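Data block below; observations after.
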Amino acid sequence: MSKFKEQRVGVLVDVSNLYHSARAIYGRKVNFQNVLIDAVAGRKLVRAIAYAIKTTEGLEEKFFDALEKSGYDLKTKDLQVFAGGQKKGDWDVGITVDAIKMSKSLDVIVLVSGDGDYVPLVEYLQATTGCRVEVMAFQESTSSKLIEQADDYTNLSSSKKKFLI
């Protein structure tokens, strides 16, 4: 493992994807601090970004503070509410753009999401940047194509004591 210690790592966390997966599958919360520790795995952390959605009620401030205290830079955007009452809030494009921009100064990008929409991003990074792309997510809510495409996959469900609160 010593040759890997020199790898420069960026960790990009799709907070909504992980939060809702843990809630739906286990009725529990994610231990984002342990996710970060495992993602870095003793290598050189260049940057960890947590991408989150703010609700109109603003009840997530303590949660956002905890993410920042755990070592994440936090990027937030407001939940969009449409005329028909439909709500939407995702960071797919923002995460993709940041991953491409950061890939120039990284050896490894750890994508913490099970969303299959990221498969083209993973393919692009692997083909054009030489970056390893590792994925971490709960297997029950992870696209099989994403698992297949990733250079490495960590199933958070296999260590529930570590990754769930």
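Residues are referred to by chain and number: the chain letter is A, B, ... according to the order shown in the structure tokens, the number counts from 1 in that chain, and ligands are numbered separately from 1 in the order shown.
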
Item to complete: Could you give me, as an MDAnalysis selection string, the residues within 7 Å of A:Asp78, counting only C-alpha atoms and dropping anything in the same chain fewer than 4 positions from it?
Response: chainID A and resid 53:55

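Per DSSP on the backbone, strand (DSSP E) in stretch 9-67 of chain A comprises Val9, Gly10, Val11, Leu12, Val13, Asp14, Lys44, Leu45, Val46, Arg47, Ala48, Ile49, Ala50, Tyr51, Ala52, Ile53 and Lys54 of chain A.
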
Item to complete: Output as a PyMOL selection string all residues of stretch 16-98 of chain A that backbone DSSP marks as helix (DSSP H, G or I).
Response: chain A and resi 16-26+32-40+61-69+92-98

May I have the residues from that selection written out with N, CA and C atoms, as a CSV table (one decimal), in the first residue's frame?
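Output file selection15.csv is given in full below:
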```csv
chain,number,residue,atom,x,y,z
A,16,SER,N,-27.2,14.3,-1.1
A,16,SER,CA,-28.6,13.8,-1.2
A,16,SER,C,-28.7,12.4,-1.6
A,17,ASN,N,-27.9,11.9,-2.5
A,17,ASN,CA,-27.9,10.5,-2.9
A,17,ASN,C,-27.7,9.6,-1.7
A,18,LEU,N,-26.6,9.9,-1.0
A,18,LEU,CA,-26.2,9.1,0.2
A,18,LEU,C,-27.3,9.1,1.3
A,19,TYR,N,-27.7,10.4,1.6
A,19,TYR,CA,-28.6,10.6,2.7
A,19,TYR,C,-29.9,9.8,2.5
A,20,HIS,N,-30.5,10.0,1.2
A,20,HIS,CA,-31.8,9.4,0.9
A,20,HIS,C,-31.6,7.8,0.8
A,21,SER,N,-30.5,7.4,0.3
A,21,SER,CA,-30.3,5.9,0.3
A,21,SER,C,-30.3,5.3,1.7
A,22,ALA,N,-29.5,5.9,2.6
A,22,ALA,CA,-29.4,5.4,3.9
A,22,ALA,C,-30.8,5.4,4.6
A,23,ARG,N,-31.5,6.5,4.4
A,23,ARG,CA,-32.8,6.7,5.0
A,23,ARG,C,-33.8,5.6,4.5
A,24,ALA,N,-33.8,5.4,3.2
A,24,ALA,CA,-34.7,4.5,2.5
A,24,ALA,C,-34.4,3.0,2.8
A,25,ILE,N,-33.1,2.7,2.8
A,25,ILE,CA,-32.7,1.3,3.0
A,25,ILE,C,-32.7,0.9,4.5
A,26,TYR,N,-32.1,1.8,5.3
A,26,TYR,CA,-31.9,1.4,6.7
A,26,TYR,C,-32.6,2.3,7.7
A,32,PHE,N,-20.7,10.6,7.6
A,32,PHE,CA,-19.9,11.2,6.5
A,32,PHE,C,-18.4,11.3,6.9
A,33,GLN,N,-18.1,11.4,8.2
A,33,GLN,CA,-16.7,11.5,8.6
A,33,GLN,C,-16.0,10.2,8.3
A,34,ASN,N,-16.6,9.1,8.6
A,34,ASN,CA,-16.0,7.8,8.3
A,34,ASN,C,-15.9,7.5,6.8
A,35,VAL,N,-16.9,8.0,6.1
A,35,VAL,CA,-16.9,7.9,4.6
A,35,VAL,C,-15.6,8.6,4.1
A,36,LEU,N,-15.3,9.8,4.6
A,36,LEU,CA,-14.2,10.6,4.2
A,36,LEU,C,-12.9,9.8,4.5
A,37,ILE,N,-12.8,9.3,5.8
A,37,ILE,CA,-11.6,8.6,6.2
A,37,ILE,C,-11.3,7.4,5.3
A,38,ASP,N,-12.4,6.7,5.0
A,38,ASP,CA,-12.2,5.5,4.1
A,38,ASP,C,-11.9,5.9,2.7
A,39,ALA,N,-12.5,7.0,2.2
A,39,ALA,CA,-12.2,7.4,0.8
A,39,ALA,C,-10.7,7.8,0.7
A,40,VAL,N,-10.2,8.5,1.6
A,40,VAL,CA,-8.8,9.0,1.5
A,40,VAL,C,-7.8,7.8,1.7
A,61,GLU,N,-28.9,23.3,8.9
A,61,GLU,CA,-27.7,24.1,9.3
A,61,GLU,C,-26.7,23.3,10.2
A,62,LYS,N,-27.2,22.6,11.2
A,62,LYS,CA,-26.3,21.8,12.1
A,62,LYS,C,-25.6,20.7,11.3
A,63,PHE,N,-26.4,20.1,10.4
A,63,PHE,CA,-25.8,19.0,9.6
A,63,PHE,C,-24.7,19.6,8.7
A,64,PHE,N,-24.9,20.7,8.1
A,64,PHE,CA,-23.9,21.4,7.2
A,64,PHE,C,-22.7,21.7,8.0
A,65,ASP,N,-22.9,22.2,9.2
A,65,ASP,CA,-21.7,22.5,10.1
A,65,ASP,C,-20.9,21.3,10.4
A,66,ALA,N,-21.6,20.2,10.7
A,66,ALA,CA,-21.0,18.9,11.0
A,66,ALA,C,-20.1,18.4,9.8
A,67,LEU,N,-20.7,18.6,8.6
A,67,LEU,CA,-19.9,18.2,7.4
A,67,LEU,C,-18.6,19.0,7.3
A,68,GLU,N,-18.7,20.3,7.5
A,68,GLU,CA,-17.5,21.1,7.4
A,68,GLU,C,-16.5,20.8,8.5
A,69,LYS,N,-17.0,20.5,9.7
A,69,LYS,CA,-16.1,20.1,10.8
A,69,LYS,C,-15.4,18.7,10.5
A,92,ASP,N,-25.7,16.9,-10.1
A,92,ASP,CA,-25.0,16.1,-11.1
A,92,ASP,C,-24.1,16.9,-12.0
A,93,VAL,N,-24.6,18.0,-12.5
A,93,VAL,CA,-23.7,18.8,-13.4
A,93,VAL,C,-22.6,19.5,-12.7
A,94,GLY,N,-22.9,20.0,-11.5
A,94,GLY,CA,-21.9,20.7,-10.7
A,94,GLY,C,-20.7,19.7,-10.3
A,95,ILE,N,-21.1,18.5,-9.9
A,95,ILE,CA,-20.1,17.5,-9.5
A,95,ILE,C,-19.3,17.1,-10.7
A,96,THR,N,-20.0,16.9,-11.8
A,96,THR,CA,-19.3,16.6,-13.1
A,96,THR,C,-18.2,17.6,-13.5
A,97,VAL,N,-18.7,18.9,-13.5
A,97,VAL,CA,-17.7,20.0,-13.8
A,97,VAL,C,-16.6,20.1,-12.9
A,98,ASP,N,-16.8,20.0,-11.6
A,98,ASP,CA,-15.7,20.0,-10.6
A,98,ASP,C,-14.8,18.8,-10.8
```

Discussion item. Need to verify the contact set: A:Trp91, 8 Å, only C-alpha atoms, exclusion of same-chain residues closer than 4 positions in sequence. Can you return it as a ChimeraX atom specification?
Written reply: /A:14,51-52,95

Would you put the residues from that selection into a file with C-alpha atoms, as a PDB file, in the first residue's frame?
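Wrote result24.pdb, looks like this:
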```pdb
ATOM      1  CA  ASP A  14     -23.471  13.632  -3.551  1.00  0.00           C
ATOM      2  CA  TYR A  51     -22.680  18.854  -2.408  1.00  0.00           C
ATOM      3  CA  ALA A  52     -25.939  19.450  -0.551  1.00  0.00           C
ATOM      4  CA  ILE A  95     -20.124  17.486  -9.484  1.00  0.00           C
TER       5      ILE A  95
END
```

Discussion item. List as a PyMOL selection string the protein and nucleic acid residues near A:Thr142, meaning an atom at most 8 Å away when only C-alpha atoms are counted, but skip any in the same chain fewer than 4 places from it.
Written reply: chain A and resi 113-116+137-138+146-147

Discussion item. When you look at A:Lys104 with a cut-off of 12 Å (counting only C-alpha atoms), what residues show up, excluding the ones that are within fewer than 2 positions of it in the same chain? I need them as a VMD selection string.
Written reply: chain A and resid 8 to 10 46 98 to 102 106 to 109 125 128 to 132

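Atom pair atom CA of A:Glu134 / atom CA of A:Asp73 has a distance of 19.3 Å (rounded to one decimal).
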
Worksheet item: When distances are computed from only C-alpha atoms, which of A:Val13, A:Gln139, A:Gly27, A:Gln7 shows the smallest separation from A:Thr76?
Response: A:Val13

Item to complete: Find the spatial neighbours of A:Val122, counting only C-alpha atoms, within a cut-off of 7 Å - ignore same-chain residues fewer than 2 positions away - and output them as JSON, numbers by chain.
Response: {"A": [118, 119, 120, 124, 125, 126, 133, 149, 150]}

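Atom CA of A:Lys75 sits 13.0 Å away from atom CA of A:Val11.
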
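Atom pair atom CA of A:Val30 / atom CA of A:Lys162: separated by 9.2 Å.
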